[in-house]
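Participant: So that you have it, the file is query_14.cif, and it contains mmCIF, C-alpha atoms and all ligand atoms:
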data_query
#
loop_
_atom_site.label_atom_id
_atom_site.label_comp_id
_atom_site.auth_asym_id
_atom_site.auth_seq_id
_atom_site.Cartn_x
_atom_site.Cartn_y
_atom_site.Cartn_z
CA MET F 1102 0.00 0.00 0.00
CA LEU F 1103 1.07 3.57 -0.61
CA TYR F 1104 0.86 6.16 2.10
CA GLN F 1105 2.06 9.23 0.18
CA ARG F 1106 -0.73 11.58 1.11
CA SER F 1107 -0.83 10.40 4.75
CA SER F 1108 2.93 11.05 5.04
CA LYS F 1109 2.57 14.51 3.57
CA LEU F 1110 -0.40 15.37 5.79
CA PHE F 1111 1.47 14.09 8.85
CA ALA F 1112 4.49 16.28 8.06
CA GLU F 1113 2.20 19.31 7.75
CA ALA F 1114 0.35 18.42 10.96
CA GLU F 1115 3.58 18.07 12.92
CA LYS F 1116 4.35 21.72 12.22
CA VAL F 1117 1.22 23.01 13.95
CA ILE F 1118 0.02 20.22 16.27
CA PRO F 1119 2.34 18.62 18.87
CA GLY F 1120 3.42 15.29 17.39
CA GLY F 1121 0.92 15.89 14.59
CA VAL F 1122 -1.94 14.42 16.60
CA ASN F 1123 -4.59 15.51 19.09
CA SER F 1124 -4.27 12.35 21.19
CA PRO F 1125 -0.86 10.67 21.61
CA VAL F 1126 -1.66 7.02 20.77
CA ARG F 1127 -2.63 8.07 17.23
CA ALA F 1128 1.01 8.92 16.45
CA PHE F 1129 2.12 5.22 16.12
CA LYS F 1130 4.92 5.88 18.63
CA GLY F 1131 4.72 2.36 20.09
CA VAL F 1132 4.89 0.58 16.74
CA GLY F 1133 6.88 3.03 14.61
CA GLY F 1134 5.96 4.38 11.19
CA THR F 1135 3.69 7.17 10.03
CA PRO F 1136 0.07 7.35 11.12
CA VAL F 1137 -2.56 6.83 8.48
CA PHE F 1138 -4.89 9.78 7.91
CA ALA F 1139 -8.56 8.91 7.73
CA LYS F 1140 -10.73 10.32 4.94
CA SER F 1141 -14.05 8.56 5.35
CA ALA F 1142 -15.64 5.43 6.74
CA LYS F 1143 -18.77 3.38 6.37
CA GLY F 1144 -19.87 0.29 8.27
CA ALA F 1145 -16.88 -1.93 9.05
CA TYR F 1146 -14.50 -0.11 6.70
CA ILE F 1147 -12.32 2.95 6.89
CA TYR F 1148 -10.70 4.67 3.91
CA ASP F 1149 -7.52 6.68 4.22
CA GLU F 1150 -6.31 9.75 2.33
CA ASP F 1151 -4.47 7.51 -0.16
CA ASP F 1152 -7.73 5.63 -0.80
CA ASN F 1153 -6.54 2.49 0.96
CA LYS F 1154 -9.35 0.47 2.50
CA TYR F 1155 -9.16 -1.20 5.90
CA ILE F 1156 -11.34 -3.50 7.93
CA ASP F 1157 -11.50 -1.47 11.12
CA TYR F 1158 -10.99 -3.08 14.53
CA ILE F 1159 -10.52 0.21 16.42
CA ASN F 1160 -13.78 1.92 15.58
CA SER F 1161 -12.80 5.25 17.03
CA TRP F 1162 -11.50 3.40 20.12
CA GLY F 1163 -14.85 1.90 20.98
CA PRO F 1164 -17.81 4.19 20.31
CA LEU F 1165 -18.87 2.74 16.95
CA LEU F 1166 -20.46 -0.48 18.16
CA LEU F 1167 -22.77 -0.50 15.14
CA GLY F 1168 -20.17 0.60 12.59
CA HIS F 1169 -19.08 3.85 10.97
CA ALA F 1170 -21.58 6.43 9.72
CA PHE F 1171 -24.45 4.44 11.23
CA GLU F 1172 -27.46 5.93 9.48
CA PRO F 1173 -29.83 6.58 12.41
CA VAL F 1174 -27.03 8.47 14.18
CA VAL F 1175 -26.01 10.45 11.09
CA ASN F 1176 -29.62 11.39 10.31
CA ALA F 1177 -30.35 12.39 13.91
CA VAL F 1178 -27.34 14.72 13.94
CA ILE F 1179 -28.23 16.31 10.57
CA GLU F 1180 -31.84 16.93 11.59
CA LYS F 1181 -30.82 18.38 14.97
CA ALA F 1182 -28.15 20.63 13.51
CA LYS F 1183 -30.77 22.38 11.39
CA GLN F 1184 -32.55 23.46 14.56
CA GLY F 1185 -29.50 24.95 16.23
CA THR F 1186 -26.22 23.48 17.44
CA SER F 1187 -26.15 24.60 21.07
CA PHE F 1188 -28.45 26.48 23.39
CA GLY F 1189 -26.94 26.45 26.88
CA MET F 1190 -30.51 25.81 28.04
CA PRO F 1191 -32.15 22.55 29.03
CA THR F 1192 -33.71 20.54 26.20
CA GLU F 1193 -36.25 17.73 26.16
CA LEU F 1194 -33.72 15.55 24.38
CA GLU F 1195 -31.49 15.44 27.47
CA THR F 1196 -34.33 13.99 29.54
CA LYS F 1197 -35.10 11.44 26.83
CA ILE F 1198 -31.58 10.05 26.66
CA ALA F 1199 -31.29 10.16 30.45
CA GLU F 1200 -34.54 8.18 30.81
CA LEU F 1201 -33.36 5.58 28.34
CA ALA F 1202 -29.91 5.22 29.93
CA VAL F 1203 -31.43 4.89 33.39
CA ALA F 1204 -33.82 2.24 32.07
CA MET F 1205 -31.06 0.24 30.36
CA VAL F 1206 -28.46 0.29 33.15
CA PRO F 1207 -29.10 -1.44 36.48
CA ASN F 1208 -28.83 0.36 39.79
CA ILE F 1209 -28.78 3.99 38.61
CA ASP F 1210 -31.48 6.60 39.19
CA LYS F 1211 -29.91 9.72 37.73
CA ILE F 1212 -27.27 10.53 35.14
CA ARG F 1213 -25.32 13.69 34.31
CA PHE F 1214 -23.89 14.23 30.81
CA VAL F 1215 -20.43 15.65 30.14
CA ASN F 1216 -18.20 15.83 27.05
CA SER F 1217 -15.68 13.01 27.46
CA GLY F 1218 -14.77 9.91 29.42
CA THR F 1219 -12.08 11.91 31.16
CA GLU F 1220 -14.63 14.36 32.50
CA ALA F 1221 -16.95 11.54 33.53
CA CYS F 1222 -14.26 9.81 35.62
CA MET F 1223 -12.90 13.06 37.02
CA SER F 1224 -16.39 14.11 38.12
CA ALA F 1225 -17.17 10.64 39.50
CA ILE F 1226 -14.24 10.78 41.91
CA ARG F 1227 -15.04 14.34 42.96
CA LEU F 1228 -18.58 13.21 43.73
CA ALA F 1229 -17.29 10.17 45.65
CA ARG F 1230 -14.93 12.36 47.67
CA GLY F 1231 -17.68 14.86 48.41
CA TYR F 1232 -20.14 12.16 49.36
CA THR F 1233 -17.79 10.27 51.67
CA ASN F 1234 -15.90 13.33 52.89
CA ARG F 1235 -12.63 11.46 52.29
CA ASP F 1236 -9.68 12.24 49.98
CA LYS F 1237 -7.95 9.06 48.87
CA ILE F 1238 -8.84 6.86 45.94
CA ILE F 1239 -7.61 3.44 44.86
CA LYS F 1240 -6.90 2.89 41.19
CA PHE F 1241 -5.37 -0.13 39.48
CA ALA F 1242 -2.07 -0.11 37.63
CA GLY F 1243 -2.80 -0.43 33.91
CA CYS F 1244 -6.33 0.96 34.10
CA TYR F 1245 -6.88 4.25 32.28
CA HIS F 1246 -9.54 6.70 33.38
CA GLY F 1247 -8.68 9.66 31.19
CA HIS F 1248 -6.02 12.29 31.63
CA SER F 1249 -7.19 14.18 34.69
CA ASP F 1250 -4.43 14.68 37.28
CA SER F 1251 -5.62 12.15 39.86
CA PHE F 1252 -5.32 9.31 37.35
CA LEU F 1253 -1.89 10.11 35.88
CA ILE F 1254 -0.24 8.35 38.77
CA GLN F 1255 2.09 5.39 38.97
CA ALA F 1256 2.99 3.16 41.90
CA GLY F 1257 5.35 4.81 44.38
CA SER F 1258 8.74 3.26 45.00
CA GLY F 1259 9.71 0.90 47.79
CA LEU F 1260 7.48 0.86 50.83
CA SER F 1261 5.50 4.02 50.13
CA THR F 1262 1.81 3.28 49.82
CA PHE F 1263 0.87 6.34 47.77
CA GLY F 1264 1.56 6.99 44.11
CA THR F 1265 3.85 9.37 42.27
CA PRO F 1266 3.01 11.47 39.19
CA ASN F 1267 3.64 9.75 35.85
CA SER F 1268 3.44 13.01 33.94
CA PRO F 1269 5.22 16.28 34.63
CA GLY F 1270 2.62 18.83 35.62
CA VAL F 1271 0.83 16.50 38.03
CA THR F 1272 1.69 17.60 41.56
CA GLN F 1273 3.01 15.43 44.38
CA GLY F 1274 0.09 16.79 46.39
CA THR F 1275 -2.39 15.22 43.98
CA ALA F 1276 -0.40 12.00 43.68
CA LYS F 1277 -0.46 11.31 47.40
CA ASP F 1278 -4.24 10.82 47.27
CA THR F 1279 -4.15 8.11 44.59
CA ILE F 1280 -3.11 4.66 45.75
CA LEU F 1281 -2.11 2.10 43.13
CA ALA F 1282 -3.31 -1.49 43.43
CA ARG F 1283 -2.65 -4.61 41.32
CA TYR F 1284 -5.56 -5.63 39.07
CA ASN F 1285 -7.11 -8.96 40.06
CA ASP F 1286 -5.31 -8.92 43.44
CA LEU F 1287 -8.03 -8.63 46.08
CA ALA F 1288 -5.61 -9.23 48.96
CA HIS F 1289 -3.61 -6.20 47.85
CA VAL F 1290 -6.73 -4.01 47.93
CA ALA F 1291 -7.64 -5.37 51.39
CA GLU F 1292 -4.14 -4.43 52.63
CA ILE F 1293 -4.54 -0.90 51.27
CA PHE F 1294 -7.84 -0.49 53.13
CA GLU F 1295 -6.16 -1.85 56.27
CA SER F 1296 -3.34 0.69 56.17
CA ASN F 1297 -5.61 3.64 55.22
CA LYS F 1298 -8.45 3.19 57.69
CA ASN F 1299 -11.38 5.58 57.10
CA GLU F 1300 -9.44 7.45 54.41
CA ILE F 1301 -10.48 5.79 51.16
CA ALA F 1302 -13.31 7.57 49.35
CA ALA F 1303 -13.55 5.17 46.42
CA ILE F 1304 -12.10 2.45 44.28
CA ILE F 1305 -12.20 3.22 40.57
CA ILE F 1306 -11.83 0.32 38.16
CA GLU F 1307 -12.37 -0.73 34.57
CA PRO F 1308 -14.58 -3.78 35.29
CA VAL F 1309 -13.03 -5.36 32.21
CA ALA F 1310 -9.71 -3.63 31.67
CA GLY F 1311 -9.21 -2.47 28.11
CA ASN F 1312 -6.20 -0.23 28.45
CA MET F 1313 -3.56 -2.91 29.08
CA GLY F 1314 -4.98 -5.03 26.31
CA CYS F 1315 -8.15 -6.78 27.32
CA VAL F 1316 -7.83 -8.12 30.87
CA PRO F 1317 -10.93 -9.74 32.37
CA PRO F 1318 -11.62 -9.63 36.10
CA LYS F 1319 -11.06 -12.97 37.82
CA PRO F 1320 -14.23 -14.63 39.13
CA GLY F 1321 -15.24 -12.96 42.40
CA PHE F 1322 -12.80 -10.05 42.04
CA LEU F 1323 -15.41 -7.35 41.35
CA GLN F 1324 -17.78 -8.62 44.05
CA GLY F 1325 -14.80 -8.77 46.42
CA LEU F 1326 -14.10 -5.10 45.72
CA LYS F 1327 -17.74 -4.25 46.34
CA ASP F 1328 -17.65 -6.08 49.68
CA LEU F 1329 -14.44 -4.31 50.73
CA CYS F 1330 -16.00 -0.95 49.81
CA THR F 1331 -19.16 -1.72 51.76
CA ALA F 1332 -17.18 -2.87 54.80
CA ASN F 1333 -15.02 0.26 54.73
CA GLY F 1334 -17.58 2.95 53.88
CA ALA F 1335 -16.04 3.58 50.45
CA LEU F 1336 -17.75 3.77 47.05
CA LEU F 1337 -17.11 1.46 44.11
CA ILE F 1338 -16.81 3.32 40.81
CA PHE F 1339 -17.06 1.30 37.61
CA ASP F 1340 -15.40 3.11 34.74
CA GLU F 1341 -17.63 1.74 31.99
CA VAL F 1342 -16.33 4.13 29.34
CA MET F 1343 -15.35 1.09 27.24
CA THR F 1344 -17.68 -1.58 28.64
CA GLY F 1345 -20.89 0.47 28.97
CA PHE F 1346 -23.53 -0.42 26.34
CA ARG F 1347 -20.88 -2.70 24.75
CA LEU F 1348 -20.71 -5.83 26.89
CA ALA F 1349 -24.43 -5.80 27.61
CA LYS F 1350 -27.28 -3.27 27.55
CA GLY F 1351 -26.56 -2.64 31.21
CA GLY F 1352 -22.78 -2.92 30.84
CA ALA F 1353 -20.46 -4.77 33.19
CA GLN F 1354 -22.78 -4.33 36.19
CA GLN F 1355 -25.32 -6.47 34.35
CA LEU F 1356 -22.80 -8.90 32.87
CA PHE F 1357 -21.14 -9.71 36.20
CA GLY F 1358 -24.12 -9.09 38.48
CA VAL F 1359 -22.17 -6.63 40.63
CA ASP F 1360 -23.65 -3.26 41.61
CA ALA F 1361 -21.31 -0.29 41.49
CA ASP F 1362 -22.04 2.88 43.45
CA ILE F 1363 -21.11 5.27 40.64
CA VAL F 1364 -20.76 4.41 36.96
CA ALA F 1365 -18.83 6.45 34.38
CA PHE F 1366 -19.69 6.27 30.69
CA GLY F 1367 -18.19 7.49 27.42
CA LYS F 1368 -17.63 6.17 23.90
CA VAL F 1369 -20.78 4.17 22.88
CA ILE F 1370 -23.13 6.49 24.80
CA GLY F 1371 -22.26 9.29 22.36
CA GLY F 1372 -22.54 7.23 19.17
CA GLY F 1373 -19.27 8.78 17.96
CA LEU F 1374 -19.85 12.33 19.17
CA PRO F 1375 -18.06 13.76 22.23
CA VAL F 1376 -20.13 12.50 25.16
CA GLY F 1377 -19.39 11.18 28.62
CA ALA F 1378 -21.71 10.67 31.57
CA PHE F 1379 -21.73 9.55 35.16
CA ALA F 1380 -24.60 8.02 37.05
CA ALA F 1381 -25.59 6.66 40.46
CA ARG F 1382 -28.48 6.17 42.80
CA ASN F 1383 -30.46 9.22 43.96
CA GLU F 1384 -28.75 9.67 47.30
CA ILE F 1385 -25.36 10.00 45.62
CA MET F 1386 -26.41 12.01 42.54
CA ASN F 1387 -28.31 14.47 44.72
CA TYR F 1388 -24.95 15.52 46.12
CA LEU F 1389 -24.27 17.29 42.81
CA ALA F 1390 -24.81 20.99 42.14
CA PRO F 1391 -27.29 22.60 41.86
CA VAL F 1392 -29.06 20.25 44.31
CA GLY F 1393 -26.06 19.40 46.44
CA PRO F 1394 -22.66 20.85 47.32
CA VAL F 1395 -20.34 19.07 44.83
CA TYR F 1396 -19.67 21.38 41.88
CA GLN F 1397 -19.62 20.18 38.28
CA ALA F 1398 -20.64 21.96 35.07
CA GLY F 1399 -20.18 22.30 31.28
CA THR F 1400 -20.99 24.88 28.59
CA LEU F 1401 -21.52 22.18 25.97
CA ALA F 1402 -22.68 19.43 28.34
CA GLY F 1403 -25.87 17.86 26.98
CA ASN F 1404 -25.15 19.43 23.59
CA PRO F 1405 -28.11 18.74 21.26
CA LEU F 1406 -26.06 17.19 18.44
CA ALA F 1407 -24.23 14.92 20.86
CA MET F 1408 -27.45 13.96 22.65
CA ALA F 1409 -29.22 13.27 19.35
CA ALA F 1410 -26.39 10.95 18.31
CA GLY F 1411 -26.32 9.26 21.71
CA LEU F 1412 -30.07 8.76 21.82
CA ALA F 1413 -30.16 7.27 18.31
CA MET F 1414 -27.34 4.92 19.33
CA LEU F 1415 -28.90 3.80 22.61
CA GLU F 1416 -32.29 3.30 20.95
CA ALA F 1417 -30.72 1.12 18.27
CA ILE F 1418 -28.98 -0.96 20.94
CA ASN F 1419 -32.05 -1.17 23.13
CA ASN F 1420 -34.35 -2.22 20.29
CA ASP F 1421 -32.11 -4.98 18.95
CA LYS F 1422 -32.65 -8.02 21.11
CA ASP F 1423 -30.03 -10.14 19.32
CA LEU F 1424 -27.25 -7.56 19.16
CA PHE F 1425 -25.15 -8.83 22.05
CA THR F 1426 -25.52 -12.45 20.94
CA ARG F 1427 -24.34 -11.50 17.45
CA LEU F 1428 -21.39 -9.54 18.83
CA GLU F 1429 -20.42 -12.46 21.07
CA GLU F 1430 -20.67 -14.93 18.19
CA LYS F 1431 -18.72 -12.79 15.74
CA THR F 1432 -15.94 -12.10 18.21
CA ALA F 1433 -15.79 -15.75 19.31
CA TYR F 1434 -15.50 -16.71 15.62
CA LEU F 1435 -12.62 -14.29 15.18
CA GLU F 1436 -10.95 -15.58 18.34
CA ALA F 1437 -11.25 -19.23 17.28
CA GLY F 1438 -9.97 -18.45 13.78
CA MET F 1439 -6.98 -16.51 15.06
CA ARG F 1440 -6.12 -19.21 17.62
CA LYS F 1441 -6.10 -21.78 14.85
CA VAL F 1442 -3.75 -19.88 12.56
CA LEU F 1443 -1.43 -18.58 15.30
CA THR F 1444 -1.09 -22.09 16.72
CA ALA F 1445 -0.49 -23.51 13.23
CA ALA F 1446 2.33 -20.97 12.80
CA GLY F 1447 3.92 -22.22 16.03
CA LEU F 1448 3.72 -18.85 17.77
CA LYS F 1449 3.57 -18.13 21.48
CA TYR F 1450 0.49 -16.05 22.16
CA THR F 1451 -2.32 -15.31 24.58
CA ILE F 1452 -5.75 -14.10 23.51
CA ASN F 1453 -8.00 -12.47 26.10
CA ARG F 1454 -11.62 -11.74 25.32
CA VAL F 1455 -14.82 -10.62 26.95
CA GLY F 1456 -17.75 -10.21 24.53
CA SER F 1457 -16.69 -7.84 21.75
CA MET F 1458 -13.46 -6.76 23.45
CA ILE F 1459 -10.49 -8.90 22.43
CA SER F 1460 -6.71 -8.65 22.33
CA VAL F 1461 -3.73 -10.67 21.22
CA PHE F 1462 -0.49 -10.73 23.24
CA PHE F 1463 2.63 -12.35 21.80
CA ASP F 1464 3.60 -14.36 24.85
CA ASP F 1465 2.04 -17.56 26.14
CA ARG F 1466 1.88 -16.60 29.82
CA GLU F 1467 -1.48 -15.69 31.31
CA VAL F 1468 -2.25 -11.93 31.23
CA VAL F 1469 -4.05 -10.86 34.40
CA ASP F 1470 -2.63 -7.44 35.30
CA PHE F 1471 -0.38 -4.63 34.09
CA GLU F 1472 2.85 -6.51 34.71
CA THR F 1473 1.81 -9.61 32.79
CA ALA F 1474 0.30 -7.43 30.02
CA GLY F 1475 3.82 -6.13 29.45
CA TYR F 1476 5.12 -9.57 28.39
CA GLY F 1477 3.44 -9.19 25.01
CA ASN F 1478 4.66 -5.68 24.35
CA ASN F 1479 7.36 -6.83 21.99
CA GLU F 1480 8.82 -6.87 18.48
CA ASN F 1481 6.32 -9.44 17.33
CA PHE F 1482 3.46 -7.12 18.15
CA LYS F 1483 4.99 -4.35 16.02
CA LYS F 1484 5.48 -6.73 13.08
CA PHE F 1485 1.95 -8.03 13.54
CA PHE F 1486 0.48 -4.53 13.56
CA HIS F 1487 2.32 -3.40 10.40
CA GLY F 1488 1.70 -6.72 8.66
CA LEU F 1489 -2.03 -6.35 9.24
CA LEU F 1490 -2.09 -2.67 8.31
CA GLU F 1491 -0.32 -3.30 4.99
CA ARG F 1492 -2.89 -5.99 4.22
CA GLY F 1493 -5.90 -3.81 4.99
CA VAL F 1494 -6.67 -4.73 8.60
CA TYR F 1495 -6.53 -1.86 11.07
CA ILE F 1496 -5.92 -2.73 14.73
CA ALA F 1497 -4.78 -0.41 17.51
CA PRO F 1498 -1.13 0.62 17.22
CA SER F 1499 -0.28 -0.63 20.71
CA SER F 1500 -0.34 -3.99 22.45
CA TYR F 1501 -1.90 -2.24 25.44
CA GLU F 1502 -5.10 -1.57 23.51
CA THR F 1503 -8.14 -3.70 22.96
CA TRP F 1504 -9.75 -4.42 19.60
CA PHE F 1505 -13.36 -3.27 19.41
CA ILE F 1506 -15.57 -5.52 17.31
CA THR F 1507 -18.58 -3.93 15.63
CA ASP F 1508 -21.79 -5.46 14.48
CA ALA F 1509 -21.10 -4.05 11.00
CA LEU F 1510 -18.46 -6.76 10.47
CA THR F 1511 -19.62 -9.64 8.27
CA TYR F 1512 -18.36 -13.20 8.47
CA ALA F 1513 -16.63 -12.56 5.14
CA ASP F 1514 -14.73 -9.68 6.81
CA LEU F 1515 -13.81 -11.97 9.70
CA ASP F 1516 -12.63 -14.71 7.32
CA GLN F 1517 -10.54 -12.20 5.40
CA THR F 1518 -9.05 -10.96 8.68
CA ILE F 1519 -8.20 -14.50 9.79
CA ALA F 1520 -6.56 -15.16 6.42
CA VAL F 1521 -4.47 -12.00 6.82
CA VAL F 1522 -3.52 -13.00 10.37
CA ALA F 1523 -2.47 -16.42 9.03
CA GLU F 1524 -0.24 -14.83 6.42
CA VAL F 1525 1.33 -12.34 8.84
CA ALA F 1526 1.81 -15.07 11.46
CA THR F 1527 4.36 -16.78 9.20
CA LEU F 1528 6.47 -13.60 9.28
CA LEU F 1529 6.73 -13.38 13.09
CA ASP F 1530 9.49 -14.71 15.35
CA LYS F 1531 8.77 -18.12 16.88
N1 LIG F 1601 -11.92 5.50 30.83
C1 LIG F 1601 -11.63 4.50 30.00
C2 LIG F 1601 -11.83 3.09 30.47
C3 LIG F 1601 -11.15 4.76 28.72
O1 LIG F 1601 -10.84 3.74 27.91
C4 LIG F 1601 -10.98 6.10 28.31
C5 LIG F 1601 -10.48 6.46 26.92
N2 LIG F 1601 -9.88 5.50 26.20
C6 LIG F 1601 -11.30 7.12 29.21
C7 LIG F 1601 -11.77 6.78 30.45
C8 LIG F 1601 -11.16 8.55 28.82
O2 LIG F 1601 -12.12 8.90 27.90
P1 LIG F 1601 -11.89 10.13 26.90
O3 LIG F 1601 -10.75 9.75 26.02
O4 LIG F 1601 -13.20 10.26 26.19
O5 LIG F 1601 -11.60 11.31 27.74
#
Could you quickly redo this structure as C-alpha cells?

Facilitator:
Amino acid sequence: MLYQRSSKLFAEAEKVIPGGVNSPVRAFKGVGGTPVFAKSAKGAYIYDEDDNKYIDYINSWGPLLLGHAFEPVVNAVIEKAKQGTSFGMPTELETKIAELAVAMVPNIDKIRFVNSGTEACMSAIRLARGYTNRDKIIKFAGCYHGHSDSFLIQAGSGLSTFGTPNSPGVTQGTAKDTILARYNDLAHVAEIFESNKNEIAAIIIEPVAGNMGCVPPKPGFLQGLKDLCTANGALLIFDEVMTGFRLAKGGAQQLFGVDADIVAFGKVIGGGLPVGAFAARNEIMNYLAPVGPVYQAGTLAGNPLAMAAGLAMLEAINNDKDLFTRLEEKTAYLEAGMRKVLTAAGLKYTINRVGSMISVFFDDREVVDFETAGYGNNENFKKFFHGLLERGVYIAPSSYETWFITDALTYADLDQTIAVVAEVATLLDK
C-alpha cells in the first residue's frame, strides 16, 4: 500500500500540532511508522487519504459499536443541527436520553452528561470524595480513566503506599491521594484499606480492563471489591467508558451481576460524538450541584447534536434483542480463527476476550494485570500490527489496547481478517 498523502499530511500536521496528533496514541509511537490519515468510513471499513481500504478493529477506540456512519445516528445529527447546534438551556432531548440510559443500566437513578470519558471519571471521583468526605482513591495499575491529574499516577517506589506522578505537571500533592493497586489482586486491595483506615473515598476500576490489552476480572474479584467498599464505607466506581452499552445493555454491572455505586460512561453512549456521563443512585447524585454541594458543570454538556447521536445509538442498541448475541458470536468466531492460525504458525500467544473486546499478546503466559500485560509488548506485536495494516486490517497501534468488534463486520470480513492474520503469522518470530 502507498501512504504518500498520509505522510505529507502528517508532516504538515507536525508543524502546527504537537506530534501531529490531538491524542498521543494516534502517532504510532509504540509501533513506529507514520500514522494513516482517515478520509471517510462506512460500516466496518475505513478509507484513508491515499484511498486504501481497511477492515477497522478500532472503531474510534470503541464508540462505533454498530459501525461507521451508522445511518440513524447520522440522520439524527443532521436533523438536529438544522434546529441549532447549542443552546446552553435545558432541552427535552437530554431527559429522553437520560430516561433511556437509566432504564437500560441497572442500579442507577440519575445521570449527568459531560463531554468526554475523562470528565466523567474526574467528576465521579469528585462526587465520591464529596459524598464520603474522604480524599484518597484506589486505582489499578494499567487501568486508564482519562487524563485528569488524579489518574496520571504510577505506583510509588519501595514501601511508600501512595503513588507518584507519571506526567510532569501533576503535583506530588495530587499523587499522594491516589493509591495504586494490582488488578485482580483482592488481597492487595484489602491491605490498602487496612493501612488507610477511614481514608479511602472510592475504588475506581475498569470492570473489564481495556487499556492494558483486554484483561478480564477474575471470578469474584469485582464482588470482592464491592464487599471491601461496603465494609469500609467507600464507594465502588465502575469506569464503563469502554464496557458500557458494549458488553451488555446494562454494561459490566449487568454482565457480572455486581452493583457499582457510581458508573462512568463514554464512547458508545455518544454514538461517535463527544459524550461522557456519570450516574448513580439518587442519594449520591443528589450531592451534585445545583441540588447538592459538589460542583460540576459544562458549557456544551448535553449538547443537542451529541445527545441526538447518543439517543439514536442507545435506541438502536435497546431495540435490537439479538445484538449482544451476534457480537459475542462474531468475536468468538474471530478468536477461534486466530487461535487456529497462530497455533499452526507455532507462535507463542495469549488471547483475552470478553464479549466484543479482544486482544492478542505475543507471549504464552497468562495476562491478568499490568505486569503480565507487558510480556506481550514486543517486536512481534509491532510486526503483527504493520503486517495487518499493509494488508488492509486496522488494529490499535499498541499492544496495550483492545480491539473493538462492531456489528457491522460480516463473516466474510472476519474470514478475510483471519486469512491475513495467518499470512502475517508466518512472518513473526517463533
Ligand atoms: N476511561 C476508560 C476506560 C477509557 O478507555 C478512556 C479512553 N480511552 C477514558 C476513560 C477517557 O475517555 P476520553 O478519552 O473520552 O476522555

Participant: Taking (6.8, 14.2, 14.5) in the file's coordinates, which residues come within 12 Å, counting only C-alpha atoms, written as number ranges by chain?

Facilitator: F: 1108-1122, 1125, 1127-1130, 1133-1136

Participant: Step by step, measure atom-to-atom distances between ligand LIG 1601 (chain F) and each residue using all atoms listed in the file, keep those at most 6 Å, then write them as a ChimeraX atom specification.

Facilitator: /F:1217-1219,1245-1247,1307,1340,1342-1343,1367

Participant: Go ahead and find all residues with at least one atom no further than 12 Å from (2.7, -17.3, 24.1) in the file's coordinates, using all atoms listed in the file; report them as a list of chain:residue names.

Facilitator: F:Arg1440, F:Leu1443, F:Thr1444, F:Ala1446, F:Gly1447, F:Leu1448, F:Lys1449, F:Tyr1450, F:Thr1451, F:Ile1452, F:Asn1453, F:Val1461, F:Phe1462, F:Phe1463, F:Asp1464, F:Asp1465, F:Arg1466, F:Glu1467, F:Val1468, F:Thr1473, F:Ala1474, F:Tyr1476, F:Gly1477, F:Asn1478, F:Asn1479, F:Asn1481, F:Phe1482, F:Asp1530, F:Lys1531

Participant: May I ask which of the residues F:Val1525, F:Ala1177, F:Val1395, F:Ile1212 is the closest one to Arg1382 in chain F, counting only C-alpha atoms?

Facilitator: F:Ile1212

Participant: Give me, please, the distance in Å between CA of Gly1243 in chain F and CA of Tyr1284 in chain F, quoted to one decimal.

Facilitator: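 It comes out at 7.8 Å.
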
Participant: Using all atoms listed in the file, pick whichever of F:Pro1498, F:Gly1314, F:Gly1274, F:Gly1456 has the shortest atom-to-atom distance to Ile1159 in chain F.

Facilitator: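 Looking only at the distances to Ile1159 in chain F, the closest residue turns out to be F:Pro1498.
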
Participant: Residues at most 9 Å from Ser1268 in chain F, counting all atoms listed in the file, excluding those fewer than 6 positions away in the same chain, as a list in words?

Facilitator: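 The residues satisfying every condition are Asp1250, Leu1253 and Ile1254 of chain F.
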
Participant: Restricting the calculation to only C-alpha atoms, which member of F:Arg1427, F:Leu1337, F:Gly1189, F:Cys1222 is positioned closest to His1248 in chain F?

Facilitator: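 For His1248 in chain F, the nearest of the given residues is F:Cys1222.
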
Participant: Looking at all atoms listed in the file, which of F:Ile1280, F:Ala1229, F:Met1458, F:Ile1147 is the one that sits closest to Met1386 in chain F?

Facilitator: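 Going through F:Ile1280, F:Ala1229, F:Met1458, F:Ile1147 one by one, the smallest distance to Met1386 in chain F is for F:Ala1229.
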
Participant: Here is a test: counting only C-alpha atoms, which residue of F:Arg1347, F:Lys1143, F:Phe1505, F:Val1137 is nearest to Glu1172 in chain F?

Facilitator: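 Under the stated criterion, the closest residue is F:Lys1143.
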
Participant: Using only C-alpha atoms, can you tell me which of F:Lys1350, F:Lys1368, F:Lys1441, F:Lys1298 comes closest to Cys1330 in chain F?

Facilitator: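 Ranked by minimum distance to Cys1330 in chain F, first place goes to F:Lys1298.
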
Participant: What's the separation between CA of Val1364 in chain F and CA of Ala1221 in chain F, in Å to one decimal place?

Facilitator: 8.8 Å

Participant: Provide the CA of Ala1378 in chain F to CA of Asn1216 in chain F distance in Å, to one decimal place.

Facilitator: 7.7 Å

Participant: Got a sec: who's within 9 Å of Leu1528 in chain F, counting all atoms listed in the file, leaving out chain neighbours fewer than 3 positions off, as number ranges by chain?

Facilitator: F: 1484-1485, 1488, 1524-1525

Participant: Tell me, as a ChimeraX atom specification, which residues lie within 12 Å of Ala1390 in chain F, counting only C-alpha atoms; anything in the same chain fewer than 4 positions away does not count.

Facilitator: /F:1213,1224,1227-1228,1231,1385-1386,1394-1399

Participant: Once 3 Å is added on each side, what centre and edge lengths in Å to one decimal does the axis-aligned box around all listed atoms of range 1397-1414 of chain F have, as lines of an AutoDock Vina configuration file?

Facilitator:
center_x = -24.9
center_y = 14.9
center_z = 28.3
size_x = 16.5
size_y = 26.0
size_z = 26.0

Participant: Excluding Leu1323 in chain F and its own-chain neighbours fewer than 3 positions away, which residues fall within 10 Å of it when counting only C-alpha atoms? Please give them as a PyMOL selection string.

Facilitator: chain F and resi 1285+1287+1306-1309+1318-1320+1326-1329+1337+1339+1353-1354+1357-1361

Participant: Could you list, as an NGL selection string, every residue within 10 Å of range 1150-1152 of chain F, counting all atoms listed in the file and ignoring same-chain residues fewer than 5 positions away?

Facilitator: :F and (1102-1108 or 1110 or 1137-1141)
